[in-house]
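*Asks:* Sharing a structure here in structure tokens format.
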Amino acid sequence: MTNLKPFPTDWQTALVLVAHPDDPEYGMAAAVARWTGEGRRVVYALASSGERGIEGMSPAECGPLREAEQRASASIVGVDEVEFWGFPDSDIRNTRELRAKITETIERIAPQVILSLYGGPEWAPGQPNQRDHMEFAAAVLDSYDALVAAGYDEVPAWLFENGPAATHAVDVDEQFEVAVRSLAAHDRYLSVLDPDTPVLDQARAQIDRATAPRDGADGVRTAGFELKRPINM
């Protein structure tokens with residue numbers, strides 16, 4: 001699996017913290033499918049309902065639709081615990097209120113692993129990250145650090161971001177097709193995002209990019225994660 005470290009296996013519960021519906025599907029879903037297939041518990045918590053994410057659709061109509069698509073998508077990869085916090089789509093900020101909700105969720109779910117969004121400014125030169133993602137990722141890190149500083153007894157052992165600077169990888173060769181179906185479950189969103197390309201083709205192209213074999217991996221597809229906490233692992 002190249003020079004990346006193997007993803008930890010000494011855990012039972014993972015908490016996926018993201019900003020919008022479809023965020024888990026663009027890079028994490030294949031790994032999630034593997035973990036749930038191994039009998040692990042994965043919980044999704046989303047800051048917003050993505051209510052401003054479909055052009056030409058009112059937030060009142062869009063939010064419930066995207067929640068339904070997210071629940072269907074999660075179910076495909078074995079996740080049946082999905083919660084939405086109601087923070088405003090396209091205006092997510094690293095506020096005290098958001099940090100408090102993140103902290104409450106960590107304490108309630110008691111995961112050993114947190115999986116969050118990439119918080120850097122660019123995915124690659126000329127490919128800027130979304131402000132919602134950067135603000136949310138910063139809030140997750142701040143909340144984790146505050147738990148450590150407060151001496152919380154059950155701080156998750158690992159906090160990873162799903163981004164371009166991976167330090168750890170998960171073999172997802174057998175989960176490729178289920179990850180494609182999971183992303184394709186965001187049917188209405190993808191059909192408006194690119195009306196000229198069939199939804200399944202869009203999903204397959206994205207998962208192909210996200211899990212492309214890395215140098216030296218002998219053609220094995222992987223999902224990559226960057227360890228953010230603790231940094232001495």
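Labels for the structure tokens follow display order: chains A, B, ..., residues from 1 in each chain, ligands from 1.
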Determine, counting only C-alpha atoms, which protein, DNA and RNA residues have an atom within 10 Å of an atom of segment 42-50 of chain A; residues of the same chain fewer than 3 positions away are not included. Present the result as a VMD selection string.
*Replies:* chain A and resid 12 to 24 32 to 33 35 to 36 39 53 to 54 59 62 to 68 70 to 71 74 77 to 92 98 101 to 102 105 109 111 113 to 115 132 136 189
*Asks:* For Glu161 of chain A, list every protein, DNA or RNA residue within 6 Å, evaluated using only C-alpha atoms, and leave out those in the same chain fewer than 5 positions away; present the list as a list in words.
*Replies:*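 Listing them by chain and then by number gives Leu115, Ser116, Leu117, Tyr118, Phe225 and Glu226 of chain A.
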*Asks:* Using only N, CA, C and O atoms, please write the residues we just selected to a file, as a short mmCIF file (atom, residue, chain, number, x, y, z; two decimals), in the first residue's frame.
*Replies:*
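Output below, filename part29.cif:
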data_model
loop_
_atom_site.label_atom_id
_atom_site.label_comp_id
_atom_site.auth_asym_id
_atom_site.auth_seq_id
_atom_site.Cartn_x
_atom_site.Cartn_y
_atom_site.Cartn_z
N LEU A 115 -13.50 11.02 11.58
CA LEU A 115 -13.16 11.30 10.19
C LEU A 115 -13.81 12.62 9.81
O LEU A 115 -15.02 12.77 9.89
N SER A 116 -12.99 13.57 9.39
CA SER A 116 -13.49 14.91 9.09
C SER A 116 -13.11 15.31 7.68
O SER A 116 -12.45 14.57 6.94
N LEU A 117 -13.53 16.53 7.32
CA LEU A 117 -13.27 17.08 6.00
C LEU A 117 -11.89 17.71 5.93
O LEU A 117 -11.34 18.17 6.92
N TYR A 118 -11.35 17.75 4.73
CA TYR A 118 -10.10 18.45 4.48
C TYR A 118 -10.29 19.95 4.73
O TYR A 118 -11.24 20.56 4.26
N PHE A 225 -6.35 8.95 4.01
CA PHE A 225 -6.72 9.84 5.11
C PHE A 225 -5.46 10.44 5.72
O PHE A 225 -4.46 9.76 5.88
N GLU A 226 -5.55 11.72 6.09
CA GLU A 226 -4.43 12.41 6.72
C GLU A 226 -4.64 12.45 8.23
O GLU A 226 -5.64 12.98 8.71
#
*Asks:* What's around Leu4 of chain A at 12 Å? Count only C-alpha atoms, leave out sequence neighbours fewer than 4 positions away in its own chain, and write the answer as a PyMOL selection string.
*Replies:* chain A and resi 8+165-171+214-217+222-227
*Asks:* Quick one: write out the picked residues with N, CA and C atoms as a PDB file, in the first residue's frame?
*Replies:*
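And here's out_23.pdb as it stands now:
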ATOM      1  N   PRO A   8      -5.542   2.466  11.161  1.00  0.00           N
ATOM      2  CA  PRO A   8      -5.691   1.690  12.400  1.00  0.00           C
ATOM      3  C   PRO A   8      -6.873   0.723  12.340  1.00  0.00           C
ATOM      4  N   ALA A 165      -3.378  15.090   1.254  1.00  0.00           N
ATOM      5  CA  ALA A 165      -2.066  14.800   1.849  1.00  0.00           C
ATOM      6  C   ALA A 165      -2.166  13.575   2.747  1.00  0.00           C
ATOM      7  N   ALA A 166      -2.570  12.455   2.173  1.00  0.00           N
ATOM      8  CA  ALA A 166      -2.831  11.253   2.963  1.00  0.00           C
ATOM      9  C   ALA A 166      -1.574  10.744   3.656  1.00  0.00           C
ATOM     10  N   THR A 167      -1.754  10.279   4.875  1.00  0.00           N
ATOM     11  CA  THR A 167      -0.697   9.613   5.634  1.00  0.00           C
ATOM     12  C   THR A 167      -1.016   8.136   5.841  1.00  0.00           C
ATOM     13  N   HIS A 168      -2.306   7.785   5.750  1.00  0.00           N
ATOM     14  CA  HIS A 168      -2.771   6.418   5.983  1.00  0.00           C
ATOM     15  C   HIS A 168      -3.735   6.020   4.870  1.00  0.00           C
ATOM     16  N   ALA A 169      -3.817   4.741   4.606  1.00  0.00           N
ATOM     17  CA  ALA A 169      -4.668   4.280   3.515  1.00  0.00           C
ATOM     18  C   ALA A 169      -5.396   2.996   3.884  1.00  0.00           C
ATOM     19  N   VAL A 170      -6.552   2.826   3.251  1.00  0.00           N
ATOM     20  CA  VAL A 170      -7.394   1.651   3.442  1.00  0.00           C
ATOM     21  C   VAL A 170      -7.563   0.971   2.083  1.00  0.00           C
ATOM     22  N   ASP A 171      -7.323  -0.305   2.016  1.00  0.00           N
ATOM     23  CA  ASP A 171      -7.551  -1.079   0.799  1.00  0.00           C
ATOM     24  C   ASP A 171      -9.056  -1.179   0.557  1.00  0.00           C
ATOM     25  N   ARG A 214      -2.312   4.031  -5.964  1.00  0.00           N
ATOM     26  CA  ARG A 214      -1.163   4.903  -5.760  1.00  0.00           C
ATOM     27  C   ARG A 214       0.108   4.203  -6.216  1.00  0.00           C
ATOM     28  N   ASP A 215       1.155   4.973  -6.426  1.00  0.00           N
ATOM     29  CA  ASP A 215       2.433   4.406  -6.860  1.00  0.00           C
ATOM     30  C   ASP A 215       2.869   3.300  -5.919  1.00  0.00           C
ATOM     31  N   GLY A 216       3.216   2.174  -6.504  1.00  0.00           N
ATOM     32  CA  GLY A 216       3.701   1.062  -5.705  1.00  0.00           C
ATOM     33  C   GLY A 216       2.630   0.239  -5.040  1.00  0.00           C
ATOM     34  N   ALA A 217       1.373   0.519  -5.337  1.00  0.00           N
ATOM     35  CA  ALA A 217       0.287  -0.202  -4.669  1.00  0.00           C
ATOM     36  C   ALA A 217      -0.155  -1.436  -5.429  1.00  0.00           C
ATOM     37  N   THR A 222      -7.283   2.395  -3.056  1.00  0.00           N
ATOM     38  CA  THR A 222      -7.230   2.767  -1.639  1.00  0.00           C
ATOM     39  C   THR A 222      -8.009   4.056  -1.398  1.00  0.00           C
ATOM     40  N   ALA A 223      -8.461   4.210  -0.160  1.00  0.00           N
ATOM     41  CA  ALA A 223      -8.990   5.484   0.322  1.00  0.00           C
ATOM     42  C   ALA A 223      -7.945   6.054   1.265  1.00  0.00           C
ATOM     43  N   GLY A 224      -7.576   7.315   1.053  1.00  0.00           N
ATOM     44  CA  GLY A 224      -6.505   7.920   1.824  1.00  0.00           C
ATOM     45  C   GLY A 224      -7.012   8.913   2.859  1.00  0.00           C
ATOM     46  N   PHE A 225      -6.348   8.949   4.012  1.00  0.00           N
ATOM     47  CA  PHE A 225      -6.723   9.837   5.106  1.00  0.00           C
ATOM     48  C   PHE A 225      -5.465  10.442   5.717  1.00  0.00           C
ATOM     49  N   GLU A 226      -5.555  11.719   6.087  1.00  0.00           N
ATOM     50  CA  GLU A 226      -4.432  12.408   6.724  1.00  0.00           C
ATOM     51  C   GLU A 226      -4.641  12.452   8.232  1.00  0.00           C
ATOM     52  N   LEU A 227      -3.691  11.911   8.979  1.00  0.00           N
ATOM     53  CA  LEU A 227      -3.782  11.951  10.424  1.00  0.00           C
ATOM     54  C   LEU A 227      -3.509  13.366  10.922  1.00  0.00           C
TER      55      LEU A 227
END
*Asks:* With a distance cut-off of 9 Å and only C-alpha atoms, select the neighbouring residues of segment 196-212 of chain A, excluding the residue or stretch itself and same-chain residues fewer than 5 positions from it, and output the selection as a PDB file with all heavy atoms, in the first residue's frame.
*Replies:*
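So result.pdb came out as:
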ATOM      1  N   GLU A  25     -19.471  10.846   0.608  1.00  0.00           N
ATOM      2  CA  GLU A  25     -19.419   9.973  -0.559  1.00  0.00           C
ATOM      3  C   GLU A  25     -18.271  10.295  -1.521  1.00  0.00           C
ATOM      4  O   GLU A  25     -17.875   9.457  -2.326  1.00  0.00           O
ATOM      5  CB  GLU A  25     -20.743  10.030  -1.317  1.00  0.00           C
ATOM      6  CG  GLU A  25     -21.868   9.270  -0.656  1.00  0.00           C
ATOM      7  CD  GLU A  25     -22.297   9.851   0.673  1.00  0.00           C
ATOM      8  OE1 GLU A  25     -22.696  11.038   0.723  1.00  0.00           O
ATOM      9  OE2 GLU A  25     -22.229   9.125   1.689  1.00  0.00           O
ATOM     10  N   TYR A  26     -17.740  11.505  -1.464  1.00  0.00           N
ATOM     11  CA  TYR A  26     -16.720  11.885  -2.436  1.00  0.00           C
ATOM     12  C   TYR A  26     -15.349  11.295  -2.131  1.00  0.00           C
ATOM     13  O   TYR A  26     -14.477  11.301  -2.988  1.00  0.00           O
ATOM     14  CB  TYR A  26     -16.650  13.409  -2.553  1.00  0.00           C
ATOM     15  CG  TYR A  26     -17.624  13.947  -3.576  1.00  0.00           C
ATOM     16  CD1 TYR A  26     -18.947  14.195  -3.221  1.00  0.00           C
ATOM     17  CD2 TYR A  26     -17.241  14.164  -4.889  1.00  0.00           C
ATOM     18  CE1 TYR A  26     -19.862  14.665  -4.159  1.00  0.00           C
ATOM     19  CE2 TYR A  26     -18.136  14.643  -5.841  1.00  0.00           C
ATOM     20  CZ  TYR A  26     -19.447  14.885  -5.459  1.00  0.00           C
ATOM     21  OH  TYR A  26     -20.354  15.339  -6.398  1.00  0.00           O
ATOM     22  N   GLY A  27     -15.133  10.782  -0.913  1.00  0.00           N
ATOM     23  CA  GLY A  27     -13.819  10.209  -0.657  1.00  0.00           C
ATOM     24  C   GLY A  27     -13.778   9.150   0.427  1.00  0.00           C
ATOM     25  O   GLY A  27     -12.805   8.408   0.541  1.00  0.00           O
ATOM     26  N   MET A  28     -14.849   9.063   1.239  1.00  0.00           N
ATOM     27  CA  MET A  28     -14.819   8.152   2.391  1.00  0.00           C
ATOM     28  C   MET A  28     -15.675   6.906   2.226  1.00  0.00           C
ATOM     29  O   MET A  28     -15.456   5.916   2.927  1.00  0.00           O
ATOM     30  CB  MET A  28     -15.305   8.884   3.645  1.00  0.00           C
ATOM     31  CG  MET A  28     -14.558  10.149   4.002  1.00  0.00           C
ATOM     32  SD  MET A  28     -15.132  10.770   5.615  1.00  0.00           S
ATOM     33  CE  MET A  28     -14.871  12.526   5.434  1.00  0.00           C
ATOM     34  N   ALA A  30     -16.104   4.338   0.283  1.00  0.00           N
ATOM     35  CA  ALA A  30     -15.546   3.006   0.043  1.00  0.00           C
ATOM     36  C   ALA A  30     -14.949   2.438   1.330  1.00  0.00           C
ATOM     37  O   ALA A  30     -15.150   1.267   1.661  1.00  0.00           O
ATOM     38  CB  ALA A  30     -14.494   3.064  -1.058  1.00  0.00           C
ATOM     39  N   VAL A 172      -9.515  -0.616  -0.569  1.00  0.00           N
ATOM     40  CA  VAL A 172     -10.950  -0.625  -0.865  1.00  0.00           C
ATOM     41  C   VAL A 172     -11.249  -1.244  -2.229  1.00  0.00           C
ATOM     42  O   VAL A 172     -12.257  -0.941  -2.864  1.00  0.00           O
ATOM     43  CB  VAL A 172     -11.552   0.804  -0.775  1.00  0.00           C
ATOM     44  CG1 VAL A 172     -11.487   1.319   0.649  1.00  0.00           C
ATOM     45  CG2 VAL A 172     -10.856   1.761  -1.738  1.00  0.00           C
ATOM     46  N   ASP A 173     -10.376  -2.128  -2.683  1.00  0.00           N
ATOM     47  CA  ASP A 173     -10.569  -2.769  -3.983  1.00  0.00           C
ATOM     48  C   ASP A 173     -11.951  -3.394  -4.113  1.00  0.00           C
ATOM     49  O   ASP A 173     -12.616  -3.260  -5.141  1.00  0.00           O
ATOM     50  CB  ASP A 173      -9.499  -3.844  -4.186  1.00  0.00           C
ATOM     51  CG  ASP A 173      -8.660  -3.596  -5.430  1.00  0.00           C
ATOM     52  OD1 ASP A 173      -8.654  -2.455  -5.938  1.00  0.00           O
ATOM     53  OD2 ASP A 173      -8.011  -4.545  -5.903  1.00  0.00           O
ATOM     54  N   PHE A 176     -15.320  -0.779  -4.389  1.00  0.00           N
ATOM     55  CA  PHE A 176     -15.440   0.247  -5.435  1.00  0.00           C
ATOM     56  C   PHE A 176     -16.875   0.400  -5.911  1.00  0.00           C
ATOM     57  O   PHE A 176     -17.422   1.517  -5.945  1.00  0.00           O
ATOM     58  CB  PHE A 176     -14.520  -0.081  -6.617  1.00  0.00           C
ATOM     59  CG  PHE A 176     -14.628   0.892  -7.754  1.00  0.00           C
ATOM     60  CD1 PHE A 176     -13.980   2.115  -7.709  1.00  0.00           C
ATOM     61  CD2 PHE A 176     -15.398   0.603  -8.876  1.00  0.00           C
ATOM     62  CE1 PHE A 176     -14.072   3.020  -8.751  1.00  0.00           C
ATOM     63  CE2 PHE A 176     -15.503   1.506  -9.922  1.00  0.00           C
ATOM     64  CZ  PHE A 176     -14.841   2.714  -9.857  1.00  0.00           C
ATOM     65  N   GLU A 177     -17.511  -0.684  -6.286  1.00  0.00           N
ATOM     66  CA  GLU A 177     -18.850  -0.608  -6.870  1.00  0.00           C
ATOM     67  C   GLU A 177     -19.884  -0.109  -5.863  1.00  0.00           C
ATOM     68  O   GLU A 177     -20.778   0.667  -6.219  1.00  0.00           O
ATOM     69  CB  GLU A 177     -19.267  -1.964  -7.434  1.00  0.00           C
ATOM     70  CG  GLU A 177     -18.483  -2.397  -8.660  1.00  0.00           C
ATOM     71  CD  GLU A 177     -18.665  -1.466  -9.856  1.00  0.00           C
ATOM     72  OE1 GLU A 177     -19.706  -0.763  -9.919  1.00  0.00           O
ATOM     73  OE2 GLU A 177     -17.778  -1.447 -10.726  1.00  0.00           O
ATOM     74  N   ALA A 179     -19.306   1.908  -3.422  1.00  0.00           N
ATOM     75  CA  ALA A 179     -19.065   3.345  -3.258  1.00  0.00           C
ATOM     76  C   ALA A 179     -19.661   4.131  -4.421  1.00  0.00           C
ATOM     77  O   ALA A 179     -20.187   5.237  -4.228  1.00  0.00           O
ATOM     78  CB  ALA A 179     -17.572   3.616  -3.133  1.00  0.00           C
ATOM     79  N   VAL A 180     -19.603   3.579  -5.619  1.00  0.00           N
ATOM     80  CA  VAL A 180     -20.220   4.233  -6.778  1.00  0.00           C
ATOM     81  C   VAL A 180     -21.725   4.346  -6.568  1.00  0.00           C
ATOM     82  O   VAL A 180     -22.324   5.410  -6.767  1.00  0.00           O
ATOM     83  CB  VAL A 180     -19.911   3.451  -8.072  1.00  0.00           C
ATOM     84  CG1 VAL A 180     -20.746   3.998  -9.240  1.00  0.00           C
ATOM     85  CG2 VAL A 180     -18.426   3.534  -8.407  1.00  0.00           C
ATOM     86  N   ARG A 181     -22.347   3.266  -6.136  1.00  0.00           N
ATOM     87  CA  ARG A 181     -23.799   3.292  -5.903  1.00  0.00           C
ATOM     88  C   ARG A 181     -24.160   4.275  -4.797  1.00  0.00           C
ATOM     89  O   ARG A 181     -25.202   4.942  -4.863  1.00  0.00           O
ATOM     90  CB  ARG A 181     -24.309   1.896  -5.548  1.00  0.00           C
ATOM     91  CG  ARG A 181     -24.177   0.874  -6.669  1.00  0.00           C
ATOM     92  CD  ARG A 181     -25.075  -0.322  -6.460  1.00  0.00           C
ATOM     93  NE  ARG A 181     -24.861  -0.978  -5.172  1.00  0.00           N
ATOM     94  CZ  ARG A 181     -23.936  -1.906  -4.936  1.00  0.00           C
ATOM     95  NH1 ARG A 181     -23.119  -2.268  -5.925  1.00  0.00           N
ATOM     96  NH2 ARG A 181     -23.829  -2.465  -3.753  1.00  0.00           N
ATOM     97  N   SER A 182     -23.303   4.368  -3.796  1.00  0.00           N
ATOM     98  CA  SER A 182     -23.583   5.283  -2.685  1.00  0.00           C
ATOM     99  C   SER A 182     -23.577   6.732  -3.149  1.00  0.00           C
ATOM    100  O   SER A 182     -24.465   7.517  -2.792  1.00  0.00           O
ATOM    101  CB  SER A 182     -22.541   5.067  -1.581  1.00  0.00           C
ATOM    102  OG  SER A 182     -22.795   5.892  -0.474  1.00  0.00           O
ATOM    103  N   LEU A 183     -22.595   7.114  -3.948  1.00  0.00           N
ATOM    104  CA  LEU A 183     -22.571   8.479  -4.467  1.00  0.00           C
ATOM    105  C   LEU A 183     -23.722   8.711  -5.440  1.00  0.00           C
ATOM    106  O   LEU A 183     -24.358   9.776  -5.425  1.00  0.00           O
ATOM    107  CB  LEU A 183     -21.228   8.760  -5.151  1.00  0.00           C
ATOM    108  CG  LEU A 183     -21.063  10.152  -5.773  1.00  0.00           C
ATOM    109  CD1 LEU A 183     -21.359  11.268  -4.773  1.00  0.00           C
ATOM    110  CD2 LEU A 183     -19.649  10.307  -6.351  1.00  0.00           C
ATOM    111  N   ALA A 184     -24.025   7.722  -6.258  1.00  0.00           N
ATOM    112  CA  ALA A 184     -25.110   7.866  -7.240  1.00  0.00           C
ATOM    113  C   ALA A 184     -26.473   8.023  -6.578  1.00  0.00           C
ATOM    114  O   ALA A 184     -27.425   8.496  -7.209  1.00  0.00           O
ATOM    115  CB  ALA A 184     -25.126   6.670  -8.188  1.00  0.00           C
ATOM    116  N   ALA A 185     -26.584   7.663  -5.294  1.00  0.00           N
ATOM    117  CA  ALA A 185     -27.854   7.843  -4.582  1.00  0.00           C
ATOM    118  C   ALA A 185     -28.207   9.321  -4.426  1.00  0.00           C
ATOM    119  O   ALA A 185     -29.368   9.649  -4.165  1.00  0.00           O
ATOM    120  CB  ALA A 185     -27.792   7.168  -3.212  1.00  0.00           C
ATOM    121  N   HIS A 186     -27.231  10.201  -4.603  1.00  0.00           N
ATOM    122  CA  HIS A 186     -27.516  11.642  -4.605  1.00  0.00           C
ATOM    123  C   HIS A 186     -27.985  12.028  -6.010  1.00  0.00           C
ATOM    124  O   HIS A 186     -27.420  12.904  -6.669  1.00  0.00           O
ATOM    125  CB  HIS A 186     -26.264  12.423  -4.196  1.00  0.00           C
ATOM    126  CG  HIS A 186     -25.830  12.164  -2.791  1.00  0.00           C
ATOM    127  ND1 HIS A 186     -26.362  12.845  -1.718  1.00  0.00           N
ATOM    128  CD2 HIS A 186     -24.935  11.297  -2.288  1.00  0.00           C
ATOM    129  CE1 HIS A 186     -25.805  12.400  -0.602  1.00  0.00           C
ATOM    130  NE2 HIS A 186     -24.936  11.464  -0.918  1.00  0.00           N
ATOM    131  N   ASP A 187     -29.034  11.382  -6.437  1.00  0.00           N
ATOM    132  CA  ASP A 187     -29.461  11.430  -7.835  1.00  0.00           C
ATOM    133  C   ASP A 187     -29.889  12.829  -8.265  1.00  0.00           C
ATOM    134  O   ASP A 187     -29.443  13.345  -9.296  1.00  0.00           O
ATOM    135  CB  ASP A 187     -30.598  10.438  -8.044  1.00  0.00           C
ATOM    136  CG  ASP A 187     -31.097  10.426  -9.474  1.00  0.00           C
ATOM    137  OD1 ASP A 187     -30.407   9.841 -10.333  1.00  0.00           O
ATOM    138  OD2 ASP A 187     -32.176  11.009  -9.735  1.00  0.00           O
ATOM    139  N   ARG A 188     -30.761  13.445  -7.501  1.00  0.00           N
ATOM    140  CA  ARG A 188     -31.275  14.767  -7.910  1.00  0.00           C
ATOM    141  C   ARG A 188     -30.147  15.800  -7.898  1.00  0.00           C
ATOM    142  O   ARG A 188     -30.041  16.625  -8.806  1.00  0.00           O
ATOM    143  CB  ARG A 188     -32.402  15.188  -6.969  1.00  0.00           C
ATOM    144  CG  ARG A 188     -33.126  16.468  -7.379  1.00  0.00           C
ATOM    145  CD  ARG A 188     -33.993  16.261  -8.614  1.00  0.00           C
ATOM    146  NE  ARG A 188     -34.758  17.444  -8.913  1.00  0.00           N
ATOM    147  CZ  ARG A 188     -35.950  17.732  -8.384  1.00  0.00           C
ATOM    148  NH1 ARG A 188     -36.492  16.900  -7.504  1.00  0.00           N
ATOM    149  NH2 ARG A 188     -36.595  18.832  -8.732  1.00  0.00           N
ATOM    150  N   LEU A 190     -26.870  15.343  -8.286  1.00  0.00           N
ATOM    151  CA  LEU A 190     -25.917  15.147  -9.378  1.00  0.00           C
ATOM    152  C   LEU A 190     -26.535  15.435 -10.736  1.00  0.00           C
ATOM    153  O   LEU A 190     -25.859  15.938 -11.641  1.00  0.00           O
ATOM    154  CB  LEU A 190     -25.371  13.719  -9.336  1.00  0.00           C
ATOM    155  CG  LEU A 190     -24.469  13.385  -8.138  1.00  0.00           C
ATOM    156  CD1 LEU A 190     -24.110  11.898  -8.151  1.00  0.00           C
ATOM    157  CD2 LEU A 190     -23.200  14.227  -8.157  1.00  0.00           C
ATOM    158  N   SER A 191     -27.822  15.137 -10.887  1.00  0.00           N
ATOM    159  CA  SER A 191     -28.460  15.373 -12.182  1.00  0.00           C
ATOM    160  C   SER A 191     -28.562  16.853 -12.504  1.00  0.00           C
ATOM    161  O   SER A 191     -28.545  17.244 -13.676  1.00  0.00           O
ATOM    162  CB  SER A 191     -29.848  14.725 -12.222  1.00  0.00           C
ATOM    163  OG  SER A 191     -30.717  15.343 -11.283  1.00  0.00           O
ATOM    164  N   GLY A 219      -1.697  -1.819  -8.169  1.00  0.00           N
ATOM    165  CA  GLY A 219      -3.033  -1.723  -8.737  1.00  0.00           C
ATOM    166  C   GLY A 219      -4.168  -1.781  -7.744  1.00  0.00           C
ATOM    167  O   GLY A 219      -5.334  -1.822  -8.136  1.00  0.00           O
ATOM    168  N   VAL A 220      -3.867  -1.773  -6.456  1.00  0.00           N
ATOM    169  CA  VAL A 220      -4.904  -1.854  -5.424  1.00  0.00           C
ATOM    170  C   VAL A 220      -5.516  -0.476  -5.195  1.00  0.00           C
ATOM    171  O   VAL A 220      -4.812   0.512  -5.017  1.00  0.00           O
ATOM    172  CB  VAL A 220      -4.317  -2.388  -4.098  1.00  0.00           C
ATOM    173  CG1 VAL A 220      -5.371  -2.336  -2.988  1.00  0.00           C
ATOM    174  CG2 VAL A 220      -3.808  -3.803  -4.290  1.00  0.00           C
ATOM    175  N   ARG A 221      -6.823  -0.413  -5.198  1.00  0.00           N
ATOM    176  CA  ARG A 221      -7.511   0.852  -4.912  1.00  0.00           C
ATOM    177  C   ARG A 221      -7.470   1.132  -3.408  1.00  0.00           C
ATOM    178  O   ARG A 221      -7.632   0.213  -2.598  1.00  0.00           O
ATOM    179  CB  ARG A 221      -8.961   0.807  -5.396  1.00  0.00           C
ATOM    180  CG  ARG A 221      -9.106   0.785  -6.909  1.00  0.00           C
ATOM    181  CD  ARG A 221     -10.540   0.946  -7.350  1.00  0.00           C
ATOM    182  NE  ARG A 221     -10.628   1.041  -8.789  1.00  0.00           N
ATOM    183  CZ  ARG A 221     -10.443   2.170  -9.473  1.00  0.00           C
ATOM    184  NH1 ARG A 221     -10.188   3.300  -8.810  1.00  0.00           N
ATOM    185  NH2 ARG A 221     -10.529   2.189 -10.786  1.00  0.00           N
ATOM    186  N   THR A 222      -7.283   2.395  -3.056  1.00  0.00           N
ATOM    187  CA  THR A 222      -7.230   2.767  -1.639  1.00  0.00           C
ATOM    188  C   THR A 222      -8.009   4.056  -1.398  1.00  0.00           C
ATOM    189  O   THR A 222      -8.172   4.881  -2.301  1.00  0.00           O
ATOM    190  CB  THR A 222      -5.779   2.986  -1.156  1.00  0.00           C
ATOM    191  OG1 THR A 222      -5.185   4.056  -1.899  1.00  0.00           O
ATOM    192  CG2 THR A 222      -4.948   1.727  -1.313  1.00  0.00           C
ATOM    193  N   ALA A 223      -8.461   4.210  -0.160  1.00  0.00           N
ATOM    194  CA  ALA A 223      -8.990   5.484   0.322  1.00  0.00           C
ATOM    195  C   ALA A 223      -7.945   6.054   1.265  1.00  0.00           C
ATOM    196  O   ALA A 223      -7.456   5.349   2.154  1.00  0.00           O
ATOM    197  CB  ALA A 223     -10.312   5.276   1.056  1.00  0.00           C
ATOM    198  N   GLY A 224      -7.576   7.315   1.053  1.00  0.00           N
ATOM    199  CA  GLY A 224      -6.505   7.920   1.824  1.00  0.00           C
ATOM    200  C   GLY A 224      -7.012   8.913   2.859  1.00  0.00           C
ATOM    201  O   GLY A 224      -7.980   9.637   2.609  1.00  0.00           O
TER     202      GLY A 224
END
*Asks:* Tell me which protein, DNA and RNA residues are within 12 Å of Ser143 of chain A, counting only C-alpha atoms, leaving out same-chain ones fewer than 6 positions away, and put them as a PyMOL selection string.
*Replies:* chain A and resi 17+94-107+114+136-137+149-150+152+155-156+159+229
*Asks:* What residues in chain A get the DSSP label alpha helix (DSSP H)? Please answer as a ChimeraX atom specification.
*Replies:* /A:29-37,59-76,96-109,131-149,176-184,187-193,199-210
*Asks:* Atom CA of Ala138 of chain A to atom CA of Arg93 of chain A: how many Å, to one decimal?
*Replies:*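 Computing it gives 9.1 Å between the two atoms.
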*Asks:* Within segment 9-106 of chain A, find each residue whose DSSP state, derived from the backbone, is strand (DSSP E), and express the selection as a PyMOL selection string.
*Replies:* chain A and resi 13-18+41-46+81-84
*Asks:* May I ask for the distance between atom CA of Arg52 of chain A and atom CA of Pro195 of chain A, given in Å to one decimal place?
*Replies:* 17.8 Å
